[in-house]
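Raw contents of final.pdb, PDB, C-alpha atoms:
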```pdb
ATOM      1  CA  MET R 269    -116.414-119.115 -39.691
ATOM      2  CA  GLY R 270    -117.824-122.560 -40.067
ATOM      3  CA  ILE R 271    -115.734-124.539 -37.590
ATOM      4  CA  GLU R 272    -117.685-123.263 -34.591
ATOM      5  CA  LEU R 273    -120.876-124.532 -36.217
ATOM      6  CA  ILE R 274    -119.362-127.949 -36.756
ATOM      7  CA  ARG R 275    -117.542-128.458 -33.428
ATOM      8  CA  GLY R 276    -119.719-126.428 -31.109
ATOM      9  CA  ASP R 277    -118.522-123.955 -28.445
ATOM     10  CA  ASN R 278    -115.138-125.597 -27.909
ATOM     11  CA  PHE R 279    -113.541-123.685 -30.793
ATOM     12  CA  MET R 280    -112.837-120.045 -31.419
ATOM     13  CA  THR R 281    -111.243-118.792 -34.589
ATOM     14  CA  THR R 282    -109.064-115.722 -34.660
ATOM     15  CA  THR R 283    -105.958-114.354 -36.290
ATOM     16  CA  LEU R 284    -102.532-115.348 -35.011
ATOM     17  CA  ALA R 285    -101.722-111.711 -34.311
ATOM     18  CA  SER R 286    -104.674-111.103 -32.045
ATOM     19  CA  ALA R 287    -104.018-114.366 -30.203
ATOM     20  CA  VAL R 288    -100.378-113.384 -29.633
ATOM     21  CA  ASN R 289    -101.329-109.858 -28.629
ATOM     22  CA  TRP R 290    -103.935-111.236 -26.237
ATOM     23  CA  ALA R 291    -101.244-113.372 -24.617
ATOM     24  CA  ARG R 292     -98.902-110.396 -24.426
ATOM     25  CA  LYS R 293    -101.361-108.026 -22.862
ATOM     26  CA  SER R 294    -102.474-110.638 -20.345
ATOM     27  CA  SER R 295     -98.987-111.346 -19.049
ATOM     28  CA  MET R 296     -97.075-108.077 -19.143
ATOM     29  CA  TRP R 297     -93.933-108.072 -17.046
ATOM     30  CA  PRO R 298     -93.307-104.610 -15.695
ATOM     31  CA  PHE R 299     -89.937-103.110 -14.873
ATOM     32  CA  PRO R 300     -90.484-100.831 -11.867
ATOM     33  CA  PHE R 301     -88.432 -97.656 -12.217
ATOM     34  CA  GLY R 302     -89.570 -96.041  -8.981
ATOM     35  CA  THR R 303     -87.470 -92.987  -8.149
ATOM     36  CA  ALA R 304     -89.823 -90.963  -5.942
ATOM     37  CA  CYS R 305     -93.173 -90.973  -4.167
ATOM     38  CA  CYS R 306     -94.909 -92.356  -7.278
ATOM     39  CA  GLY R 307     -92.892 -95.488  -6.629
ATOM     40  CA  ILE R 308     -94.775 -95.962  -3.368
ATOM     41  CA  GLU R 309     -98.111 -95.743  -5.182
ATOM     42  CA  MET R 310     -96.795 -98.178  -7.777
ATOM     43  CA  MET R 311     -95.839-100.599  -4.990
ATOM     44  CA  ALA R 312     -99.323-100.238  -3.525
ATOM     45  CA  THR R 313    -100.787-100.983  -6.943
ATOM     46  CA  LEU R 314     -98.666-104.097  -7.237
ATOM     47  CA  ALA R 315     -99.404-105.267  -3.716
ATOM     48  CA  SER R 316    -102.361-107.273  -2.533
ATOM     49  CA  LYS R 317    -104.911-104.524  -1.940
ATOM     50  CA  TYR R 318    -105.055-103.236  -5.519
ATOM     51  CA  ASP R 319    -103.275-106.201  -7.045
ATOM     52  CA  MET R 320    -101.944-105.786 -10.544
ATOM     53  CA  ALA R 321    -102.033-109.576 -10.756
ATOM     54  CA  ARG R 322    -105.678-109.205 -11.698
ATOM     55  CA  PHE R 323    -104.423-107.866 -15.019
ATOM     56  CA  GLY R 324    -101.630-110.392 -15.284
ATOM     57  CA  ALA R 325     -98.867-107.915 -14.493
ATOM     58  CA  GLU R 326     -97.653-109.256 -11.181
ATOM     59  CA  ALA R 327     -94.359-110.668 -12.457
ATOM     60  CA  VAL R 328     -92.216-107.644 -11.676
ATOM     61  CA  ARG R 329     -88.808-108.012 -13.290
ATOM     62  CA  PHE R 330     -85.772-106.129 -12.082
ATOM     63  CA  SER R 331     -83.888-107.071 -15.209
ATOM     64  CA  PRO R 332     -84.836-104.945 -18.212
ATOM     65  CA  ARG R 333     -84.124-107.864 -20.539
ATOM     66  CA  GLN R 334     -87.032-109.784 -19.023
ATOM     67  CA  ALA R 335     -89.517-106.922 -18.953
ATOM     68  CA  ASP R 336     -91.778-105.512 -21.614
ATOM     69  CA  LEU R 337     -93.396-102.673 -19.679
ATOM     70  CA  LEU R 338     -91.360 -99.846 -18.195
ATOM     71  CA  ILE R 339     -93.184 -97.971 -15.449
ATOM     72  CA  VAL R 340     -91.251 -94.772 -14.801
ATOM     73  CA  ALA R 341     -92.635 -93.700 -11.451
ATOM     74  CA  GLY R 342     -90.939 -90.601 -10.168
ATOM     75  CA  THR R 343     -88.678 -87.670 -10.795
ATOM     76  CA  ILE R 344     -85.877 -88.241 -13.285
ATOM     77  CA  CYS R 345     -82.929 -85.948 -12.735
ATOM     78  CA  ASN R 346     -80.235 -85.253 -15.282
ATOM     79  CA  LYS R 347     -77.841 -87.606 -13.560
ATOM     80  CA  MET R 348     -80.385 -90.445 -13.711
ATOM     81  CA  ALA R 349     -81.304 -89.787 -17.353
ATOM     82  CA  PRO R 350     -78.515 -91.896 -18.927
ATOM     83  CA  VAL R 351     -79.438 -94.788 -16.616
ATOM     84  CA  LEU R 352     -83.075 -94.660 -17.689
ATOM     85  CA  LYS R 353     -82.122 -94.443 -21.353
ATOM     86  CA  ARG R 354     -79.831 -97.434 -21.008
ATOM     87  CA  ILE R 355     -82.487 -99.499 -19.254
ATOM     88  CA  TYR R 356     -84.988 -98.654 -21.974
ATOM     89  CA  ASP R 357     -82.475 -99.655 -24.644
ATOM     90  CA  GLN R 358     -81.801-102.953 -22.889
ATOM     91  CA  MET R 359     -85.447-103.958 -22.956
ATOM     92  CA  SER R 360     -86.284-106.191 -25.881
ATOM     93  CA  ASP R 361     -88.935-105.209 -28.416
ATOM     94  CA  PRO R 362     -91.869-104.919 -28.306
ATOM     95  CA  LYS R 363     -91.938-102.735 -25.207
ATOM     96  CA  TRP R 364     -94.233-100.171 -23.708
ATOM     97  CA  VAL R 365     -93.560 -97.232 -21.399
ATOM     98  CA  ILE R 366     -95.797 -95.642 -18.791
ATOM     99  CA  ALA R 367     -94.806 -92.182 -17.548
ATOM    100  CA  MET R 368     -96.405 -92.238 -14.120
ATOM    101  CA  GLY R 369     -97.087 -88.926 -12.434
ATOM    102  CA  ALA R 370     -96.344 -85.299 -13.123
ATOM    103  CA  CYS R 371     -92.557 -85.543 -12.750
ATOM    104  CA  ALA R 372     -92.069 -88.333 -15.257
ATOM    105  CA  SER R 373     -94.563 -86.731 -17.640
ATOM    106  CA  CYS R 374     -93.310 -83.144 -17.624
ATOM    107  CA  GLY R 375     -90.933 -82.511 -14.743
ATOM    108  CA  GLY R 376     -93.795 -81.674 -12.399
ATOM    109  CA  ILE R 377     -93.141 -78.904  -9.926
ATOM    110  CA  PHE R 378     -89.394 -79.235 -10.407
ATOM    111  CA  ASP R 379     -88.737 -76.620 -13.056
ATOM    112  CA  ASN R 380     -85.073 -76.324 -12.170
ATOM    113  CA  TYR R 381     -81.579 -77.159 -13.314
ATOM    114  CA  THR R 382     -81.516 -80.791 -12.149
ATOM    115  CA  VAL R 383     -84.728 -82.362 -13.391
ATOM    116  CA  VAL R 384     -85.547 -83.716 -16.844
ATOM    117  CA  GLN R 385     -88.719 -81.977 -18.035
ATOM    118  CA  GLY R 386     -90.526 -85.193 -18.936
ATOM    119  CA  ILE R 387     -88.967 -88.521 -19.813
ATOM    120  CA  ASP R 388     -90.207 -88.134 -23.391
ATOM    121  CA  GLU R 389     -87.133 -85.955 -23.818
ATOM    122  CA  ILE R 390     -85.131 -89.189 -23.564
ATOM    123  CA  ILE R 391     -87.319 -92.179 -24.450
ATOM    124  CA  PRO R 392     -90.653 -92.705 -26.232
ATOM    125  CA  VAL R 393     -93.679 -92.792 -23.942
ATOM    126  CA  ASP R 394     -96.897 -94.685 -24.625
ATOM    127  CA  MET R 395     -99.061 -93.620 -21.715
ATOM    128  CA  TYR R 396     -99.012 -90.628 -19.407
ATOM    129  CA  VAL R 397    -100.704 -91.159 -16.064
ATOM    130  CA  PRO R 398    -101.457 -87.767 -14.489
ATOM    131  CA  GLY R 399    -101.403 -87.112 -10.776
ATOM    132  CA  CYS R 400     -98.998 -86.125  -8.054
ATOM    133  CA  PRO R 401     -98.767 -88.943  -7.290
ATOM    134  CA  PRO R 402    -101.481 -90.782  -9.240
ATOM    135  CA  SER R 403    -103.724 -93.055  -7.198
ATOM    136  CA  PRO R 404    -103.408 -96.815  -7.713
ATOM    137  CA  GLN R 405    -106.678 -96.668  -9.612
ATOM    138  CA  ALA R 406    -105.173 -94.157 -12.015
ATOM    139  CA  LEU R 407    -102.169 -96.381 -12.635
ATOM    140  CA  MET R 408    -104.425 -99.382 -13.173
ATOM    141  CA  TYR R 409    -106.505 -97.354 -15.630
ATOM    142  CA  GLY R 410    -103.347 -96.361 -17.473
ATOM    143  CA  PHE R 411    -102.247 -99.964 -17.499
ATOM    144  CA  THR R 412    -105.524-101.201 -18.952
ATOM    145  CA  ARG R 413    -105.194 -98.566 -21.690
ATOM    146  CA  ILE R 414    -101.712 -99.987 -22.372
ATOM    147  CA  GLN R 415    -103.356-103.395 -22.634
ATOM    148  CA  ASP R 416    -105.727-101.992 -25.251
ATOM    149  CA  MET R 417    -102.735-100.695 -27.185
ATOM    150  CA  VAL R 418    -101.038-104.079 -26.973
ATOM    151  CA  GLN R 419    -104.168-105.842 -28.219
ATOM    152  CA  LYS R 420    -104.356-103.479 -31.174
ATOM    153  CA  GLY R 421    -100.659-103.860 -31.905
ATOM    154  CA  ARG R 422     -99.899-100.223 -31.187
ATOM    155  CA  GLY R 423     -96.997 -98.714 -29.340
ATOM    156  CA  GLN R 424     -94.124 -96.316 -29.732
ATOM    157  CA  SER R 425     -91.579 -99.120 -29.900
ATOM    158  CA  LEU R 426     -93.579-100.779 -32.694
ATOM    159  CA  THR R 427     -93.949 -97.684 -34.821
ATOM    160  CA  ALA R 428     -90.429 -96.431 -34.183
ATOM    161  CA  THR R 429     -88.790 -99.665 -35.311
ATOM    162  CA  ALA R 430     -91.455-100.887 -37.720
ATOM    163  CA  GLU R 431     -88.871-101.379 -40.463
ATOM    164  CA  ALA R 432     -86.405-103.349 -38.398
ATOM    165  CA  VAL R 433     -88.655-105.642 -36.376
ATOM    166  CA  PRO R 434     -91.344-107.727 -38.045
ATOM    167  CA  VAL R 435     -94.638-106.837 -36.441
ATOM    168  CA  LEU R 436     -97.555-109.206 -36.496
ATOM    169  CA  PRO R 437    -100.390-107.576 -38.403
ATOM    170  CA  VAL R 438    -103.731-107.282 -36.638
TER
ATOM    171  CA  MET L 242     -71.217 -75.570  24.476
ATOM    172  CA  ASP L 243     -70.441 -72.998  27.117
ATOM    173  CA  LEU L 244     -68.966 -69.924  25.458
ATOM    174  CA  ALA L 245     -67.051 -68.830  28.533
ATOM    175  CA  ILE L 246     -65.031 -72.028  28.614
ATOM    176  CA  LEU L 247     -64.528 -71.869  24.889
ATOM    177  CA  ASN L 248     -63.310 -68.253  25.011
ATOM    178  CA  GLN L 249     -60.859 -69.210  27.685
ATOM    179  CA  LYS L 250     -59.583 -72.133  25.652
ATOM    180  CA  LEU L 251     -59.293 -70.197  22.401
ATOM    181  CA  THR L 252     -57.532 -67.177  23.880
ATOM    182  CA  GLY L 253     -55.164 -69.536  25.634
ATOM    183  CA  ALA L 254     -54.287 -71.501  22.535
ATOM    184  CA  PHE L 255     -54.528 -68.782  19.878
ATOM    185  CA  SER L 256     -53.378 -65.546  21.484
ATOM    186  CA  GLY L 257     -53.613 -62.651  19.087
ATOM    187  CA  MET L 258     -56.093 -64.320  16.716
ATOM    188  CA  ALA L 259     -59.106 -62.156  15.940
ATOM    189  CA  TYR L 260     -62.317 -64.124  16.305
ATOM    190  CA  SER L 261     -65.919 -63.490  17.263
ATOM    191  CA  THR L 262     -68.502 -65.555  19.049
ATOM    192  CA  ALA L 263     -72.272 -65.626  18.983
ATOM    193  CA  GLU L 264     -74.994 -67.680  20.550
ATOM    194  CA  ALA L 265     -78.407 -68.447  19.105
ATOM    195  CA  CYS L 266     -80.998 -70.902  20.425
ATOM    196  CA  GLY L 267     -78.458 -72.207  22.896
ATOM    197  CA  GLN L 268     -75.930 -73.040  20.207
ATOM    198  CA  ALA L 269     -72.529 -71.438  20.087
ATOM    199  CA  THR L 270     -70.963 -70.101  16.903
ATOM    200  CA  VAL L 271     -67.366 -69.007  16.485
ATOM    201  CA  GLU L 272     -66.126 -67.117  13.484
ATOM    202  CA  VAL L 273     -62.417 -67.381  12.813
ATOM    203  CA  PRO L 274     -60.084 -66.125  10.059
ATOM    204  CA  ALA L 275     -59.787 -68.400   7.029
ATOM    205  CA  ASP L 276     -56.051 -68.959   7.387
ATOM    206  CA  ARG L 277     -56.401 -70.200  10.979
ATOM    207  CA  VAL L 278     -59.558 -72.290  10.640
ATOM    208  CA  LYS L 279     -57.778 -75.598  10.256
ATOM    209  CA  ASP L 280     -55.626 -74.970  13.324
ATOM    210  CA  VAL L 281     -58.711 -74.100  15.346
ATOM    211  CA  LEU L 282     -60.568 -77.194  14.165
ATOM    212  CA  LYS L 283     -57.614 -79.419  14.965
ATOM    213  CA  PHE L 284     -57.391 -77.855  18.408
ATOM    214  CA  LEU L 285     -61.090 -78.393  19.043
ATOM    215  CA  ARG L 286     -60.764 -82.013  18.047
ATOM    216  CA  ASP L 287     -57.657 -82.780  20.096
ATOM    217  CA  ASP L 288     -58.229 -80.760  23.278
ATOM    218  CA  ALA L 289     -58.979 -83.080  26.186
ATOM    219  CA  ASP L 290     -61.846 -80.940  27.539
ATOM    220  CA  LEU L 291     -63.520 -80.336  24.173
ATOM    221  CA  GLN L 292     -63.056 -83.564  22.194
ATOM    222  CA  PHE L 293     -65.041 -82.660  19.098
ATOM    223  CA  ASP L 294     -64.661 -86.082  17.562
ATOM    224  CA  MET L 295     -67.367 -85.791  14.926
ATOM    225  CA  LEU L 296     -67.754 -83.423  11.995
ATOM    226  CA  LEU L 297     -71.455 -83.331  11.234
ATOM    227  CA  ASP L 298     -71.366 -81.165   8.138
ATOM    228  CA  VAL L 299     -69.283 -78.847   6.030
ATOM    229  CA  THR L 300     -71.377 -76.426   4.082
ATOM    230  CA  ALA L 301     -71.274 -72.927   2.654
ATOM    231  CA  VAL L 302     -73.450 -69.859   2.272
ATOM    232  CA  ASP L 303     -73.240 -67.397  -0.590
ATOM    233  CA  TYR L 304     -73.609 -63.703   0.279
ATOM    234  CA  PRO L 305     -73.090 -61.971  -3.089
ATOM    235  CA  ALA L 306     -73.145 -58.477  -1.595
ATOM    236  CA  ARG L 307     -70.524 -59.209   1.039
ATOM    237  CA  THR L 308     -66.769 -59.197   0.842
ATOM    238  CA  PRO L 309     -65.515 -61.858   1.327
ATOM    239  CA  ARG L 310     -68.352 -63.509  -0.507
ATOM    240  CA  PHE L 311     -68.627 -67.005   0.970
ATOM    241  CA  GLU L 312     -69.148 -68.256   4.458
ATOM    242  CA  ILE L 313     -68.009 -71.808   5.231
ATOM    243  CA  VAL L 314     -69.696 -73.518   8.159
ATOM    244  CA  TYR L 315     -68.332 -76.492  10.062
ATOM    245  CA  ILE L 316     -70.714 -78.181  12.482
ATOM    246  CA  LEU L 317     -68.909 -80.138  15.165
ATOM    247  CA  VAL L 318     -70.238 -82.574  17.732
ATOM    248  CA  SER L 319     -68.518 -84.185  20.663
ATOM    249  CA  THR L 320     -69.984 -87.586  21.329
ATOM    250  CA  GLU L 321     -67.815 -87.828  24.455
ATOM    251  CA  ARG L 322     -68.666 -84.451  26.007
ATOM    252  CA  ARG L 323     -72.111 -84.129  24.465
ATOM    253  CA  HIS L 324     -71.792 -80.620  23.171
ATOM    254  CA  ARG L 325     -71.785 -79.077  19.740
ATOM    255  CA  ILE L 326     -70.515 -75.966  18.048
ATOM    256  CA  ARG L 327     -70.513 -74.184  14.716
ATOM    257  CA  ILE L 328     -67.293 -72.804  13.290
ATOM    258  CA  LYS L 329     -67.620 -70.229  10.535
ATOM    259  CA  THR L 330     -65.103 -68.610   8.301
ATOM    260  CA  ARG L 331     -65.303 -66.293   5.324
ATOM    261  CA  ILE L 332     -63.533 -66.669   2.041
ATOM    262  CA  GLU L 333     -63.386 -64.738  -1.214
ATOM    263  CA  ASP L 334     -64.341 -66.256  -4.579
ATOM    264  CA  GLY L 335     -61.390 -68.059  -6.136
ATOM    265  CA  ARG L 336     -59.531 -68.554  -2.858
ATOM    266  CA  ALA L 337     -58.962 -72.009  -1.419
ATOM    267  CA  LEU L 338     -59.237 -73.393   2.098
ATOM    268  CA  GLN L 339     -57.164 -76.131   3.672
ATOM    269  CA  THR L 340     -58.922 -79.478   3.656
ATOM    270  CA  VAL L 341     -59.915 -81.019   6.980
ATOM    271  CA  SER L 342     -60.575 -84.437   5.477
ATOM    272  CA  ASP L 343     -57.415 -85.648   7.204
ATOM    273  CA  LEU L 344     -58.934 -84.657  10.567
ATOM    274  CA  TRP L 345     -62.406 -86.121   9.990
ATOM    275  CA  ARG L 346     -63.191 -88.544   7.177
ATOM    276  CA  SER L 347     -66.681 -87.077   6.901
ATOM    277  CA  ALA L 348     -65.184 -83.857   5.574
ATOM    278  CA  ASP L 349     -64.334 -85.655   2.346
ATOM    279  CA  TRP L 350     -67.849 -85.638   0.914
ATOM    280  CA  GLY L 351     -68.843 -82.386   2.619
ATOM    281  CA  GLU L 352     -65.997 -80.543   0.965
ATOM    282  CA  ARG L 353     -66.764 -82.160  -2.357
ATOM    283  CA  GLU L 354     -70.334 -80.919  -2.043
ATOM    284  CA  CYS L 355     -69.071 -77.411  -1.269
ATOM    285  CA  PHE L 356     -66.890 -77.592  -4.353
ATOM    286  CA  ASP L 357     -69.728 -78.956  -6.482
ATOM    287  CA  MET L 358     -72.352 -76.471  -5.380
ATOM    288  CA  PHE L 359     -70.323 -73.333  -4.608
ATOM    289  CA  GLY L 360     -67.016 -73.779  -6.451
ATOM    290  CA  ILE L 361     -64.933 -73.520  -3.310
ATOM    291  CA  ARG L 362     -61.630 -75.351  -3.548
ATOM    292  CA  PHE L 363     -60.035 -77.232  -0.672
ATOM    293  CA  ASP L 364     -56.277 -77.626  -0.907
ATOM    294  CA  GLY L 365     -55.000 -81.087  -0.067
ATOM    295  CA  HIS L 366     -58.323 -82.823  -0.637
ATOM    296  CA  PRO L 367     -57.715 -86.362  -1.948
ATOM    297  CA  ASN L 368     -60.509 -86.398  -4.543
ATOM    298  CA  LEU L 369     -61.977 -82.966  -5.152
ATOM    299  CA  LYS L 370     -64.525 -83.534  -7.939
ATOM    300  CA  ARG L 371     -68.258 -83.157  -8.343
ATOM    301  CA  ILE L 372     -70.370 -85.354  -6.087
ATOM    302  CA  LEU L 373     -74.056 -84.593  -6.755
ATOM    303  CA  ASN L 374     -74.143 -82.985 -10.180
ATOM    304  CA  PRO L 375     -73.087 -84.843 -13.330
ATOM    305  CA  ASP L 376     -69.388 -84.663 -14.140
ATOM    306  CA  ASN L 377     -70.004 -82.596 -17.271
ATOM    307  CA  PHE L 378     -72.030 -79.993 -15.380
ATOM    308  CA  TYR L 379     -71.095 -76.349 -15.874
ATOM    309  CA  GLY L 380     -71.372 -73.856 -13.066
ATOM    310  CA  TYR L 381     -72.006 -73.854  -9.338
ATOM    311  CA  PRO L 382     -75.752 -74.062  -8.823
ATOM    312  CA  LEU L 383     -76.072 -72.973  -5.196
ATOM    313  CA  ARG L 384     -74.420 -69.652  -5.921
ATOM    314  CA  LYS L 385     -77.014 -66.912  -5.937
ATOM    315  CA  THR L 386     -75.836 -65.889  -9.394
ATOM    316  CA  TYR L 387     -76.715 -69.266 -10.937
ATOM    317  CA  PRO L 388     -79.918 -69.179 -13.055
ATOM    318  CA  LEU L 389     -82.548 -71.296 -11.327
ATOM    319  CA  ARG L 390     -83.599 -73.276 -14.387
ATOM    320  CA  GLY L 391     -80.038 -73.997 -15.461
ATOM    321  CA  GLU L 392     -79.300 -74.414 -19.143
ATOM    322  CA  ARG L 393     -82.957 -73.907 -20.049
ATOM    323  CA  ASP L 394     -82.936 -70.496 -18.406
ATOM    324  CA  PRO L 395     -82.548 -67.498 -20.755
ATOM    325  CA  ALA L 396     -80.226 -66.002 -18.144
ATOM    326  CA  PHE L 397     -77.863 -68.929 -18.630
ATOM    327  CA  LEU L 398     -76.492 -67.272 -21.769
ATOM    328  CA  ASP L 399     -75.026 -64.544 -19.594
ATOM    329  CA  TYR L 400     -73.919 -66.865 -16.807
ATOM    330  CA  LYS L 401     -70.173 -67.151 -16.541
ATOM    331  CA  GLU L 402     -68.067 -68.501 -13.749
ATOM    332  CA  THR L 403     -64.797 -66.811 -12.957
ATOM    333  CA  GLU L 404     -63.126 -70.167 -12.589
ATOM    334  CA  PRO L 405     -64.609 -73.155 -14.462
ATOM    335  CA  ALA L 406     -64.319 -76.503 -12.741
TER
END
```
This structure in structure tokens:
Amino acid sequence: MGIELIRGDNFMTTTLASAVNWARKSSMWPFPFGTACCGIEMMATLASKYDMARFGAEAVRFSPRQADLLIVAGTICNKMAPVLKRIYDQMSDPKWVIAMGACASCGGIFDNYTVVQGIDEIIPVDMYVPGCPPSPQALMYGFTRIQDMVQKGRGQSLTATAEAVPVLPV
Amino acid sequence: MDLAILNQKLTGAFSGMAYSTAEACGQATVEVPADRVKDVLKFLRDDADLQFDMLLDVTAVDYPARTPRFEIVYILVSTERRHRIRIKTRIEDGRALQTVSDLWRSADWGERECFDMFGIRFDGHPNLKRILNPDNFYGYPLRKTYPLRGERDPAFLDYKETEPA
């Protein structure tokens, strides 16, 4: 591009999509769905020692309509499943989902009559963070991978509703 | 709770009733017939020397090989007298007990849990429906006959309850 040559280092040219996606990934607002011990690790990740604010994700929203990242941290039992599904449906597109820990990913050790064997039985999942519970570092790694997906315009909610919602091309 | 005093009290108030006592780890247990259990509990609550004013838990145990099959356990505490006791009774599948939720409010949820998990009915209960499992749940999961993995279990195809909720 020629404009940088003319105006010096004060300009950067890019596409609108990558600028928007950069803004999105740098200010994700997570909805904390902490139902078990993973929730404690998630709180530690959000708190000052590990500090998700470094990635721009410190604005935790307890209203799904204001959040674009659902962190499901903990065991989801059959009685909680409709609640989780409803919260996911209430979040506005585009949205991303992290299944944090073994329980949210696959039911974990709870192979019994009460526990959903992975939240992907109910809602689409973008990132599985393994561990029981995962360390804050693991959650942060998963989150930065989500950021990569956001920058590239990828995500289950984007592909699932590609027809209905106009998606900015990258 | 001193068993000697309790024996004296029970024989005085319920002459002719067959009951048994046991003591383990310093805690007294009394097993009474199912049709008298509410009378005994009411007596234990109202007697001036016993004053069991708190019902800590109502729960059940499933012994599939036994007849009667279920054992219902009431754990009582007296906050006035500082003693505690367990009252047990046995009941067959499909039979109902009298509710004690009118004696202690805490029996309300305990009996609902018994109904939810074991399928034991309590006559006179104000709101006997499932408490922990979803309302559309089939079966009584703490019965030994219930398949551990529920609907995903191959054994669930053969699982039938005698009396659906």
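Here the question is which of L:Lys329, L:Gly365, L:Asp394, L:Val299 gets nearest to Ala348 of chain L using all atoms listed in the file, and that residue is L:Val299.
Counting only C-alpha atoms and comparing R:Met348, R:Val340, R:Leu284, R:Leu273, the residue that lies closest to chain L is R:Met348.
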| For the file shown, what are the residues hit by the ChimeraX specification (/L :<8) & /R, laid out as a VMD selection string? | chain R and resid 346 to 347 379 to 382
| said: So the first atom is atom CA of Phe279 of chain R and the second is atom CA of Arg422 of chain R; what is the distance between them in Å, to one decimal place? | reply: 27.1 Å
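Residue membership of the PyMOL selection byres ((chain R and resi 306) around 10) in the shown file amounts to R:Phe301, R:Gly302, R:Thr303, R:Ala304, R:Cys305, R:Gly307, R:Ile308, R:Glu309, R:Met310, R:Met311, R:Ala312, R:Val340, R:Ala341, R:Gly342, R:Thr343, R:Met368, R:Gly369, R:Ala370, R:Cys371, R:Ala372, R:Gly399, R:Cys400, R:Pro401, R:Pro402, R:Ser403, R:Pro404, R:Leu407.
Minimum atom-to-atom distances from R:Phe330, R:Tyr356, R:Trp364, R:Tyr318 to Pro300 of chain R were compared using all atoms listed in the file, and the lowest value belongs to R:Phe330.
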| Exactly which residues make up the result of the PyMOL selection byres ((chain R and resi 293) around 12) on this file, given as number ranges by chain? | R: 286-292, 294-298, 323-325, 336-337, 362-364, 411-422
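Taking atom CA of Gly376 of chain R and atom CA of Phe356 of chain L as endpoints, the distance between them is 28.4 Å.
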| field | 10 Å contact set for Leu352 of chain R, all atoms listed in the file, chain neighbours under 6 positions out, as a list in words | value | Phe301, Leu338, Val340, Ile344, Gln358, Ile387, Ile390 and Ile391 of chain R
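Shown here are all protein and nucleic acid residues lying within 7 Å of (-61.4, -80.7, 1.7), with all atoms listed in the file considered: Gln339, Thr340, Val341, Ser342, Ala348, Asp349, Glu352, Arg353, Phe363, Asp364, Gly365 and His366 of chain L.
The coordinates place atom CA of Phe255 of chain L at 18.9 Å from atom CA of Leu317 of chain L.
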| Could you pull the residues within 10 Å of segment 331-333 of chain L, counting all atoms listed in the file, minus those fewer than 4 positions along the same chain, as a PyMOL selection string? | chain L and resi 272-276+278+301-303+307-314+337-338+361
| said: For Asn248 of chain L, find every residue with an atom within 12 Å (counting only C-alpha atoms), except residues of its own chain fewer than 4 positions away, and show them as a PyMOL selection string. | reply: chain L and resi 242-244+252-256+258-263+269-272+285
| request: Find the spatial neighbours of Ser360 of chain R, counting all atoms listed in the file, within a cut-off of 10 Å - ignore same-chain residues fewer than 6 positions away - and output them as a ChimeraX atom specification. | output: /R:332-336,425
